[in-house]
$ cat target36.cif   # mmCIF, C-alpha atoms
data_start
#
loop_
_atom_site.label_atom_id
_atom_site.label_comp_id
_atom_site.auth_asym_id
_atom_site.auth_seq_id
_atom_site.Cartn_x
_atom_site.Cartn_y
_atom_site.Cartn_z
CA MET A 219 74.89 -107.82 66.32
CA LEU A 220 74.48 -110.23 69.21
CA HIS A 221 73.52 -113.79 68.39
CA THR A 222 70.37 -114.96 70.10
CA THR A 223 71.23 -118.64 69.67
CA MET A 224 73.69 -120.53 71.85
CA LYS A 225 74.91 -122.56 68.83
CA ALA A 226 76.68 -119.92 66.76
CA VAL A 227 79.83 -118.58 68.41
CA PRO A 228 81.13 -115.46 66.61
CA PRO A 229 84.86 -114.87 66.10
CA ILE A 230 86.34 -112.82 68.91
CA GLU A 231 86.70 -109.69 66.75
CA GLN A 232 82.94 -109.80 66.06
CA ARG A 233 81.86 -110.33 69.66
CA PRO A 234 80.27 -107.35 71.43
CA PRO A 235 82.54 -105.75 74.04
CA LEU A 236 81.66 -106.44 77.66
CA LEU A 237 83.23 -104.62 80.61
CA PHE A 238 83.19 -106.66 83.83
CA PHE A 239 84.00 -104.62 86.94
CA CYS A 240 85.22 -106.99 89.62
CA HIS A 241 86.33 -105.46 92.89
CA ASP A 242 85.43 -108.14 95.42
CA GLY A 243 88.23 -110.53 96.46
CA LEU A 244 86.03 -112.89 98.44
CA ARG A 245 87.38 -115.97 100.18
CA PHE A 246 85.80 -118.56 97.93
CA GLY A 247 84.47 -116.39 95.10
CA ARG A 248 87.32 -116.66 92.60
CA SER A 249 86.44 -120.07 91.15
CA ALA A 250 82.82 -119.06 90.53
CA ARG A 251 83.96 -115.80 88.97
CA ALA A 252 86.36 -117.63 86.64
CA ALA A 253 83.61 -120.03 85.56
CA LEU A 254 81.25 -117.13 84.83
CA LEU A 255 83.83 -115.24 82.79
CA ALA A 256 84.69 -118.38 80.84
CA ALA A 257 81.04 -118.83 79.84
CA LEU A 258 80.57 -115.18 78.90
CA SER A 259 83.77 -115.09 76.85
CA THR A 260 82.28 -117.48 74.28
CA HIS A 261 79.97 -114.71 73.02
CA PHE A 262 81.47 -111.48 74.35
CA ARG A 263 84.87 -109.82 74.08
CA ILE A 264 85.59 -109.34 77.76
CA SER A 265 87.69 -106.76 79.53
CA ALA A 266 87.74 -107.28 83.29
CA ILE A 267 88.70 -104.53 85.71
CA ALA A 268 89.92 -106.36 88.76
CA GLU A 269 91.69 -106.29 92.07
CA SER A 270 94.60 -108.68 91.78
CA ALA A 271 93.25 -110.65 94.79
CA ALA A 272 89.92 -111.19 93.04
CA VAL A 273 91.45 -113.20 90.20
CA ALA A 274 94.67 -114.51 91.76
CA GLY A 275 95.05 -118.21 91.07
CA ALA A 276 92.03 -118.32 88.79
CA GLU A 277 92.44 -119.90 85.37
CA LEU A 278 90.96 -117.34 82.99
CA ALA A 279 90.53 -117.77 79.27
CA PRO A 280 93.48 -116.18 77.42
CA GLU A 281 91.22 -113.93 75.35
CA ILE A 282 89.97 -112.14 78.50
CA GLU A 283 91.75 -108.82 78.99
CA LEU A 284 92.63 -107.98 82.59
CA VAL A 285 92.94 -104.36 83.71
CA TYR A 286 94.44 -104.29 87.19
CA LEU A 287 93.49 -101.61 89.66
CA PRO A 288 96.12 -99.91 91.82
CA ALA A 289 95.91 -100.92 95.47
CA PRO A 290 93.41 -98.81 97.44
CA GLY A 291 94.67 -96.52 100.16
CA SER A 292 95.84 -92.94 99.77
CA PHE A 293 94.09 -90.07 98.04
CA VAL A 294 96.56 -90.39 95.17
CA SER A 295 95.83 -94.11 94.74
CA ARG A 296 92.07 -93.50 94.83
CA ASN A 297 92.41 -90.97 92.01
CA ALA A 298 94.61 -93.39 90.08
CA ARG A 299 92.01 -96.13 90.46
CA ARG A 300 89.20 -93.91 89.19
CA GLN A 301 91.29 -92.82 86.23
CA THR A 302 92.17 -96.44 85.39
CA ILE A 303 88.50 -97.34 85.43
CA ILE A 304 87.36 -94.44 83.27
CA ASP A 305 90.20 -94.98 80.78
CA ALA A 306 89.25 -98.65 80.48
CA TYR A 307 85.58 -97.82 79.93
CA ARG A 308 86.32 -95.27 77.21
CA ARG A 309 88.75 -97.60 75.42
CA VAL A 310 86.48 -100.66 75.56
CA ASP A 311 83.30 -98.70 74.75
CA PRO A 312 81.23 -101.65 75.97
CA ALA A 313 77.84 -102.80 74.77
CA VAL A 314 77.34 -104.49 78.14
CA VAL A 315 78.60 -103.48 81.58
CA ILE A 316 78.51 -105.88 84.52
CA ILE A 317 79.24 -104.56 88.00
CA GLU A 318 79.98 -107.17 90.62
CA GLN A 319 78.07 -106.86 93.92
CA TYR A 320 77.53 -103.08 94.03
CA PRO A 321 75.24 -101.59 95.31
CA PHE A 322 74.41 -104.75 97.30
CA GLY A 323 77.93 -104.83 98.72
CA CYS A 324 81.34 -103.16 98.43
CA GLY A 325 79.98 -99.74 99.34
CA GLU A 326 83.52 -98.56 100.06
CA PHE A 327 84.10 -98.49 96.29
CA SER A 328 81.02 -96.40 95.57
CA ASP A 329 82.87 -93.46 94.00
CA GLU A 330 84.74 -95.74 91.60
CA VAL A 331 81.68 -97.71 90.55
CA VAL A 332 79.47 -94.68 90.07
CA SER A 333 82.05 -93.18 87.70
CA VAL A 334 81.48 -96.18 85.39
CA LEU A 335 77.71 -96.08 85.86
CA GLU A 336 77.52 -92.40 84.96
CA ALA A 337 79.61 -92.98 81.84
CA ALA A 338 77.39 -95.90 80.82
CA ALA A 339 74.22 -93.87 81.36
CA ALA A 340 75.54 -91.20 78.98
CA ASN A 341 76.66 -93.65 76.28
CA PRO A 342 73.94 -94.94 73.92
CA ARG A 343 76.29 -97.71 72.77
CA THR A 344 76.13 -99.27 76.23
CA ARG A 345 72.87 -101.14 75.88
CA LEU A 346 72.75 -103.06 79.14
CA VAL A 347 74.05 -102.47 82.68
CA ALA A 348 73.68 -105.40 85.05
CA CYS A 349 74.68 -106.14 88.62
CA SER A 350 76.18 -109.57 89.31
CA VAL A 351 75.52 -110.77 92.87
CA VAL A 352 77.66 -113.78 93.64
CA GLU A 353 78.07 -114.16 97.37
CA THR A 354 76.29 -111.72 99.67
CA LEU A 355 72.68 -112.68 99.04
CA VAL A 356 72.16 -114.18 102.48
CA ASP A 357 74.23 -111.85 104.61
CA LEU A 358 72.76 -108.72 103.03
CA PRO A 359 69.60 -108.62 105.19
CA PHE A 360 71.84 -108.70 108.28
CA GLN A 361 73.88 -105.72 107.09
CA LEU A 362 71.16 -103.32 105.96
CA SER A 363 68.61 -101.30 107.80
CA ARG A 364 65.21 -101.80 106.20
CA ARG A 365 64.71 -98.05 106.54
CA ASP A 366 67.77 -97.37 104.37
CA ASP A 367 66.58 -96.80 100.81
CA LEU A 368 69.94 -95.76 99.35
CA VAL A 369 70.72 -99.22 97.93
CA PRO A 370 67.43 -99.65 96.03
CA ARG A 371 67.59 -96.06 94.77
CA VAL A 372 71.06 -96.63 93.33
CA ALA A 373 70.01 -99.98 91.84
CA ASP A 374 66.88 -98.52 90.25
CA ARG A 375 68.69 -95.51 88.86
CA TYR A 376 71.66 -97.16 87.18
CA PHE A 377 70.88 -100.82 86.50
CA ASP A 378 68.71 -102.58 83.95
CA ALA A 379 68.79 -105.91 85.78
CA VAL A 380 70.24 -107.64 88.83
CA LEU A 381 71.52 -111.16 88.25
CA VAL A 382 71.66 -113.26 91.42
CA HIS A 383 73.79 -116.37 91.00
CA ALA A 384 71.89 -118.55 93.43
CA ASP A 385 68.70 -120.57 93.79
CA ALA A 386 65.81 -118.36 94.89
CA ARG A 387 64.51 -121.12 97.17
CA LEU A 388 67.43 -120.49 99.52
CA GLY A 389 66.69 -116.79 99.98
CA ARG A 390 65.61 -113.80 97.94
CA LEU A 391 67.47 -110.54 97.56
CA GLU A 392 64.20 -108.61 97.60
CA ASP A 393 63.51 -109.74 101.17
CA ALA A 394 66.25 -107.39 102.42
CA PHE A 395 64.10 -104.40 101.49
CA GLY A 396 60.62 -103.12 102.09
CA PRO A 397 57.75 -104.18 99.81
CA ASN A 398 58.07 -102.72 96.30
CA SER A 399 61.13 -100.66 97.27
CA LEU A 400 63.39 -102.46 94.77
CA ARG A 401 61.95 -101.88 91.29
CA VAL A 402 64.87 -103.08 89.16
CA PRO A 403 64.21 -106.62 87.89
CA VAL A 404 65.95 -109.33 89.91
CA LEU A 405 66.69 -112.52 87.95
CA TYR A 406 67.93 -115.73 89.59
CA THR A 407 70.38 -117.59 87.38
CA GLY A 408 71.14 -120.53 89.64
CA PHE A 409 74.49 -121.30 91.24
CA ILE A 410 77.63 -121.10 89.16
CA ALA A 411 79.18 -124.57 89.20
CA THR A 412 82.82 -124.11 90.11
CA ALA A 413 85.66 -125.20 87.89
CA ALA A 414 87.02 -127.37 90.69
CA ASN A 415 84.02 -129.62 90.32
CA ALA A 416 84.93 -130.33 86.71
CA ILE A 417 88.64 -131.08 87.26
CA ALA A 418 89.55 -134.62 86.30
CA SER A 419 90.73 -136.86 89.11
CA ASP A 420 94.13 -137.30 87.47
CA ALA A 421 94.72 -133.54 87.10
CA ALA A 422 96.44 -133.45 90.50
CA PRO A 423 98.04 -135.98 92.85
CA PRO A 424 95.26 -137.98 94.53
CA VAL A 425 94.40 -136.86 98.06
CA ARG A 426 91.96 -138.25 100.57
CA PRO A 427 89.02 -135.84 100.86
CA SER A 428 89.06 -133.93 104.13
CA ALA A 429 86.61 -132.35 106.51
CA LEU A 430 87.05 -128.61 105.99
CA VAL A 431 86.32 -126.30 108.93
CA THR A 432 85.82 -122.59 108.23
CA CYS A 433 84.02 -119.60 109.68
CA ASP A 434 83.11 -116.03 108.80
CA SER A 435 86.48 -114.50 107.89
CA ALA A 436 85.74 -111.36 109.91
CA ARG A 437 84.58 -113.22 113.03
CA PRO A 438 86.82 -116.10 114.11
CA ASP A 439 85.15 -118.98 115.91
CA PRO A 440 87.66 -120.61 118.31
CA ALA A 441 84.93 -122.72 119.94
CA LEU A 442 84.16 -124.35 116.58
CA PHE A 443 87.85 -124.99 115.91
CA ARG A 444 88.37 -126.49 119.39
CA ALA A 445 85.33 -128.72 118.99
CA ALA A 446 86.64 -129.96 115.64
CA LEU A 447 89.97 -130.95 117.23
CA ALA A 448 88.17 -132.63 120.12
CA ALA A 449 85.97 -134.54 117.67
CA CYS A 450 89.05 -136.29 116.30
CA ASP A 451 89.39 -138.17 119.59
CA GLN A 452 85.89 -139.62 119.17
CA TRP A 453 86.62 -141.59 116.02
CA ARG A 454 88.73 -144.67 115.54
CA PRO A 455 91.91 -143.76 113.63
CA SER A 456 90.76 -145.89 110.68
CA ASP A 457 87.43 -143.99 110.47
CA ARG A 458 88.75 -140.49 111.00
CA LEU A 459 88.66 -138.07 108.08
CA PRO A 460 91.65 -135.81 107.45
CA LEU A 461 90.79 -132.48 109.05
CA ARG A 462 91.69 -129.05 107.69
CA ILE A 463 90.91 -125.95 109.73
CA VAL A 464 91.16 -122.60 107.93
CA ALA A 465 91.08 -120.11 110.78
CA GLY A 466 90.91 -116.89 108.76
CA PRO A 467 92.69 -113.54 109.04
CA ALA A 468 90.98 -112.25 112.18
CA LEU A 469 91.99 -115.02 114.59
CA PRO A 470 94.66 -113.70 117.00
CA ASP A 471 98.15 -115.09 116.45
CA ARG A 472 98.30 -116.56 119.96
CA GLU A 473 95.03 -118.46 119.46
CA LEU A 474 96.21 -119.76 116.09
CA ALA A 475 99.49 -120.97 117.60
CA SER A 476 97.61 -122.73 120.40
CA LEU A 477 95.34 -124.53 117.93
CA GLN A 478 98.32 -125.59 115.83
CA ALA A 479 100.08 -126.95 118.91
CA ASP A 480 97.04 -129.02 119.85
CA ALA A 481 96.69 -130.27 116.27
CA ALA A 482 100.32 -131.43 116.16
CA ARG A 483 99.46 -134.52 118.21
CA LEU A 484 96.87 -135.65 115.68
CA ALA A 485 97.57 -137.35 112.37
CA ASP A 486 96.15 -135.81 109.19
CA VAL A 487 95.09 -132.58 110.92
CA VAL A 488 96.15 -129.17 109.60
CA VAL A 489 95.39 -125.76 111.12
CA GLU A 490 96.25 -122.76 108.97
CA ARG A 491 95.35 -119.12 108.77
CA SER A 492 94.54 -119.05 105.05
CA ALA A 493 94.51 -121.53 102.20
CA GLY A 494 95.53 -120.08 98.85
CA ASP A 495 95.63 -123.58 97.37
CA LEU A 496 92.13 -124.48 98.51
CA ARG A 497 90.29 -126.25 95.69
CA ILE A 498 86.68 -127.00 96.52
CA GLY A 499 85.24 -130.16 95.04
CA ALA A 500 83.94 -133.55 96.08
CA ASP A 501 87.35 -135.04 95.26
CA THR A 502 89.13 -132.81 97.82
CA VAL A 503 86.48 -131.97 100.44
CA ALA A 504 84.32 -134.70 101.96
CA LEU A 505 82.42 -132.39 104.27
CA SER A 506 82.12 -128.67 105.06
CA ILE A 507 81.84 -127.72 108.73
CA SER A 508 81.09 -124.02 109.21
CA ASP A 509 79.30 -121.38 111.24
CA GLY A 510 76.94 -120.74 108.33
CA ALA A 511 78.79 -117.85 106.67
CA CYS A 512 77.01 -117.49 103.37
CA ASP A 513 80.08 -117.47 101.14
CA THR A 514 81.16 -120.83 102.58
CA VAL A 515 77.70 -122.38 102.39
CA PHE A 516 77.14 -121.17 98.84
CA GLU A 517 80.51 -122.47 97.67
CA MET A 518 79.81 -125.91 99.09
CA LEU A 519 76.35 -125.96 97.55
CA ARG A 520 77.86 -125.03 94.18
CA ALA A 521 80.41 -127.82 94.48
CA GLY A 522 77.90 -130.41 95.71
CA VAL A 523 79.77 -131.01 98.99
CA PRO A 524 77.76 -132.02 102.11
CA GLY A 525 77.51 -129.27 104.71
CA LEU A 526 77.23 -129.20 108.49
CA VAL A 527 76.34 -125.81 109.97
CA VAL A 528 76.73 -124.85 113.62
CA ALA A 529 73.73 -122.56 114.05
CA GLY A 530 73.48 -119.73 116.56
CA GLY A 531 75.88 -117.35 118.19
CA TRP A 532 77.04 -113.82 117.41
CA GLY A 533 73.47 -112.58 117.91
CA ASP A 534 72.66 -113.23 114.24
CA VAL A 535 69.04 -114.26 114.55
CA GLU A 536 68.51 -113.89 110.80
CA ARG A 537 71.46 -116.10 109.89
CA THR A 538 70.26 -118.72 112.35
CA GLU A 539 66.81 -118.65 110.78
CA TRP A 540 68.39 -119.04 107.35
CA ALA A 541 70.41 -122.05 108.54
CA HIS A 542 67.21 -123.64 109.83
CA ARG A 543 65.54 -122.99 106.46
CA LEU A 544 68.40 -124.74 104.64
CA ALA A 545 68.11 -127.69 107.02
CA SER A 546 64.33 -127.86 106.57
CA ILE A 547 64.71 -128.39 102.81
CA GLY A 548 67.51 -130.88 103.29
CA VAL A 549 70.59 -129.12 101.94
CA VAL A 550 72.59 -128.93 105.22
CA THR A 551 72.74 -130.66 108.60
CA LEU A 552 72.44 -128.51 111.73
CA LEU A 553 74.12 -128.57 115.11
CA GLU A 554 72.83 -126.00 117.58
CA ARG A 555 75.64 -123.98 119.14
CA ASP A 556 74.48 -124.62 122.70
CA ARG A 557 75.11 -128.32 122.04
CA LEU A 558 78.54 -127.81 120.46
CA SER A 559 81.21 -130.15 121.82
CA GLY A 560 83.70 -132.64 120.45
CA VAL A 561 81.27 -135.50 121.10
CA SER A 562 78.24 -133.84 119.48
CA LEU A 563 80.24 -132.57 116.52
CA ALA A 564 81.73 -136.02 115.88
CA ALA A 565 78.25 -137.56 115.93
CA GLN A 566 76.84 -134.97 113.54
CA VAL A 567 79.78 -135.34 111.14
CA THR A 568 79.10 -139.08 110.96
CA ALA A 569 75.37 -138.47 110.45
CA THR A 570 76.01 -135.91 107.72
CA ILE A 571 78.32 -138.18 105.77
CA LEU A 572 75.88 -141.09 105.98
CA ARG A 573 72.74 -139.14 105.10
CA PRO A 574 71.41 -139.32 101.54
CA PRO A 575 71.88 -136.38 99.13
CA PRO A 576 69.46 -133.47 99.62
CA TYR A 577 66.07 -134.01 98.05
CA VAL A 578 66.10 -130.47 96.67
CA GLU A 579 67.93 -130.42 93.34
CA LEU A 580 69.60 -127.02 93.29
CA ASN A 581 70.04 -125.11 90.06
CA ARG A 582 73.77 -125.08 89.25
CA SER A 583 73.61 -123.78 85.68
CA GLY A 584 74.21 -120.16 86.64
CA ALA A 585 77.05 -119.43 84.19
CA GLU A 586 75.15 -120.73 81.18
CA GLU A 587 71.89 -119.07 82.24
CA THR A 588 73.66 -115.72 82.76
CA LEU A 589 75.01 -115.91 79.21
CA LYS A 590 71.54 -116.61 77.82
CA ILE A 591 70.03 -113.70 79.76
CA LEU A 592 72.69 -111.24 78.64
CA ILE A 593 72.41 -112.27 75.00
CA ARG A 594 68.64 -111.86 75.11
CA LEU A 595 68.54 -108.54 76.99
CA ALA A 596 71.39 -106.82 75.14
CA ASP A 597 70.43 -107.81 71.62
CA PRO A 598 69.72 -104.56 69.75
CA ALA A 599 67.40 -106.42 67.38
CA ALA A 600 65.16 -107.49 70.23
CA ALA A 601 62.24 -105.39 71.38
CA TYR A 602 64.00 -104.60 74.61
CA VAL A 603 62.31 -102.43 77.16
CA ASN A 604 62.38 -102.51 80.93
CA ALA A 605 58.92 -104.01 80.97
CA ALA A 606 60.25 -107.10 79.23
CA ILE A 607 62.86 -107.62 81.93
CA ARG A 608 60.30 -107.01 84.62
CA ALA A 609 58.09 -109.69 83.10
CA GLU A 610 61.08 -112.04 83.22
CA ALA A 611 61.49 -111.38 86.92
CA VAL A 612 57.90 -112.29 87.82
#

$ encode --input "target36.cif" --output "structure tokens"
Amino acid sequence: MLHTTMKAVPPIEQRPPLLFFCHDGLRFGRSARAALLAALSTHFRISAIAESAAVAGAELAPEIELVYLPAPGSFVSRNARRQTIIDAYRRVDPAVVIIEQYPFGCGEFSDEVVSVLEAAAANPRTRLVACSVVETLVDLPFQLSRRDDLVPRVADRYFDAVLVHADARLGRLEDAFGPNSLRVPVLYTGFIATAANAIASDAAPPVRPSALVTCDSARPDPALFRAALAACDQWRPSDRLPLRIVAGPALPDRELASLQADAARLADVVVERSAGDLRIGADTVALSISDGACDTVFEMLRAGVPGLVVAGGWGDVERTEWAHRLASIGVVTLLERDRLSGVSLAAQVTATILRPPPYVELNRSGAEETLKILIRLADPAAAYVNAAIRAEAV
């Protein structure tokens, strides 16, 4: 039986089994995922089905079982992945199933995920099936046609609840769909504070916090990177922050080499394609400079790091509107793309660092709140019906 109090922690052999299906190796999502699993493991016996990239470098509790999926690709590997998933579900026989992102992302894994969902629907011992939305809340409206009802139909058919690990004031998942088209309850847990934020200052050699420049990993932004390098010439050497540009996988090799050559003349400036050692926290990152990609913005908000967003470009009217909304409630500083230059970026970096903290106190208790919700909704002793969850979502 699940405990409905947060005080009593059952021995691991008495904890209800929970199957966590993680198939989304996002750029900054691993630390939040590790923090969520750590919180859930205090009351559940967790088996996580995962891509190796989704948990690489994450410090997971030793009692969490990891079931690695074969790499996607050929027909044979796809069959092997589905069989791995089904075998894990049958062996774990979970009371709770959590599916990360799907159907609000990762549609390419639909066949694999649905195999778990069908098994859960046929198993009375699986009492709760929830979707965990970590990163794509903001970009989702840009990716979906409002006339496409496949996503809400899948969500309504298979899921008891959708848990969005963000603050609803920054955007609502329901807004991506037509009125009343998404009937499954959507619960906002708050951001999941990342483990990097809790690392003691003496846990690693001290470093001077840097300005971190990133962009949407699928759409490189050379103009932003060039402006960041040019901004370095606007500050006195004693005032200049160390600068780290993470260009991402899609930037052409020639462009990356050119940026690295220009950066070589500057002290404390690094340009790299990827950053496997990137640890986000106020002790390592003084400022985030980005094009407003939601995974970057959300990670910085979770870690409490000031953010400067270059708004506009790529034809993303919705993302630009979202950036303006964030600026209007004080959680980021904006620089319009048509004003982007080394001079303007340098001035906005200085203004962002000097400005007071945002006056909106964001909810960062997402891991703990998720645990409370799951304990309450999956408790067989509770009078659990869908109506109760729907009341929670109101």

$ resolve_selection --input "target36.cif" --expression "the PyMOL selection byres ((chain A and resi 310) around 8)" --output "VMD selection string"
chain A and resid 235 to 237 265 306 to 309 311 to 312

$ atom_distance --input "target36.cif" --atom1 "CA of Val488 (chain A)" --atom2 "CA of Leu461 (chain A)"
6.3 Å

$ residues_around --input "target36.cif" --residues "Val431 (chain A)" --least-positions-apart "6" --cutoff "8 Å" --atoms "only C-alpha atoms" --output "list of chain:residue names"
A:Phe443, A:Ala446, A:Leu461, A:Arg462, A:Ile463, A:Val464, A:Ser506, A:Ile507, A:Ser508

$ atom_distance --input "target36.cif" --atom1 "CA of Glu281 (chain A)" --atom2 "CA of Thr502 (chain A)"
29.4 Å

$ residues_around --input "target36.cif" --residues "Pro524 (chain A)" --least-positions-apart "2" --cutoff "10 Å" --atoms "only C-alpha atoms" --output "PyMOL selection string"
chain A and resi 429+500+503-507+515+518-519+521-522+526+549-551+567+570-571+573-576

$ resolve_selection --input "target36.cif" --expression "the PyMOL selection byres ((chain A and resi 373-384) around 6)" --output "VMD selection string"
chain A and resid 347 to 352 370 to 372 385 402 to 409 584

$ closest_residue --input "target36.cif" --among "A:Leu346, A:Ala448, A:Ile547, A:Thr432" --to "Ala493 (chain A)" --atoms "only C-alpha atoms"
A:Thr432

$ closest_residue --input "target36.cif" --among "A:Ser559, A:Gln232, A:Gln566, A:Ser428" --to "Asp501 (chain A)" --atoms "all atoms listed in the file"
A:Ser428

$ residues_around --input "target36.cif" --residues "Ala585 (chain A)" --least-positions-apart "3" --cutoff "9 Å" --atoms "only C-alpha atoms" --output "PyMOL selection string"
chain A and resi 250+253-258+383+407-411+582+588-590

$ atom_distance --input "target36.cif" --atom1 "CA of Gly499 (chain A)" --atom2 "CA of Glu554 (chain A)"
26.1 Å

$ resolve_selection --input "target36.cif" --expression "the PyMOL selection byres ((chain A and resi 325-333) around 10)" --output "ChimeraX atom specification"
/A:239-242,290,296-297,299-304,307,317-324,334-338,369,372,376

$ closest_residue --input "target36.cif" --among "A:Asp486, A:Ala479, A:Arg437, A:Ala569" --to "Gly525 (chain A)" --atoms "all atoms listed in the file"
A:Ala569

$ build_atoms --input "target36.cif" --residues "region 248-261 of chain A" --atoms "N, CA and C atoms" --output "PDB file, keeping the file's coordinate frame"
ATOM      1  N   ARG A 248      86.538-116.757  93.825  1.00  0.00           N
ATOM      2  CA  ARG A 248      87.320-116.660  92.600  1.00  0.00           C
ATOM      3  C   ARG A 248      86.979-117.767  91.597  1.00  0.00           C
ATOM      4  N   SER A 249      86.722-118.974  92.081  1.00  0.00           N
ATOM      5  CA  SER A 249      86.440-120.070  91.150  1.00  0.00           C
ATOM      6  C   SER A 249      85.110-119.853  90.441  1.00  0.00           C
ATOM      7  N   ALA A 250      84.105-119.351  91.161  1.00  0.00           N
ATOM      8  CA  ALA A 250      82.820-119.060  90.530  1.00  0.00           C
ATOM      9  C   ALA A 250      82.959-117.936  89.518  1.00  0.00           C
ATOM     10  N   ARG A 251      83.737-116.928  89.880  1.00  0.00           N
ATOM     11  CA  ARG A 251      83.960-115.800  88.970  1.00  0.00           C
ATOM     12  C   ARG A 251      84.647-116.263  87.694  1.00  0.00           C
ATOM     13  N   ALA A 252      85.647-117.121  87.818  1.00  0.00           N
ATOM     14  CA  ALA A 252      86.360-117.630  86.640  1.00  0.00           C
ATOM     15  C   ALA A 252      85.423-118.438  85.745  1.00  0.00           C
ATOM     16  N   ALA A 253      84.555-119.238  86.348  1.00  0.00           N
ATOM     17  CA  ALA A 253      83.610-120.030  85.560  1.00  0.00           C
ATOM     18  C   ALA A 253      82.622-119.136  84.824  1.00  0.00           C
ATOM     19  N   LEU A 254      82.169-118.066  85.483  1.00  0.00           N
ATOM     20  CA  LEU A 254      81.250-117.130  84.830  1.00  0.00           C
ATOM     21  C   LEU A 254      81.916-116.435  83.665  1.00  0.00           C
ATOM     22  N   LEU A 255      83.129-115.923  83.873  1.00  0.00           N
ATOM     23  CA  LEU A 255      83.830-115.240  82.790  1.00  0.00           C
ATOM     24  C   LEU A 255      84.112-116.171  81.624  1.00  0.00           C
ATOM     25  N   ALA A 256      84.429-117.424  81.915  1.00  0.00           N
ATOM     26  CA  ALA A 256      84.690-118.380  80.840  1.00  0.00           C
ATOM     27  C   ALA A 256      83.447-118.576  79.978  1.00  0.00           C
ATOM     28  N   ALA A 257      82.281-118.664  80.610  1.00  0.00           N
ATOM     29  CA  ALA A 257      81.040-118.830  79.840  1.00  0.00           C
ATOM     30  C   ALA A 257      80.737-117.583  79.018  1.00  0.00           C
ATOM     31  N   LEU A 258      80.885-116.415  79.617  1.00  0.00           N
ATOM     32  CA  LEU A 258      80.570-115.180  78.900  1.00  0.00           C
ATOM     33  C   LEU A 258      81.532-114.917  77.747  1.00  0.00           C
ATOM     34  N   SER A 259      82.766-115.378  77.883  1.00  0.00           N
ATOM     35  CA  SER A 259      83.770-115.090  76.850  1.00  0.00           C
ATOM     36  C   SER A 259      83.507-115.831  75.544  1.00  0.00           C
ATOM     37  N   THR A 260      82.600-116.792  75.540  1.00  0.00           N
ATOM     38  CA  THR A 260      82.280-117.480  74.280  1.00  0.00           C
ATOM     39  C   THR A 260      81.461-116.618  73.346  1.00  0.00           C
ATOM     40  N   HIS A 261      80.808-115.575  73.869  1.00  0.00           N
ATOM     41  CA  HIS A 261      79.970-114.710  73.020  1.00  0.00           C
ATOM     42  C   HIS A 261      80.296-113.234  73.163  1.00  0.00           C
TER      43      HIS A 261
END
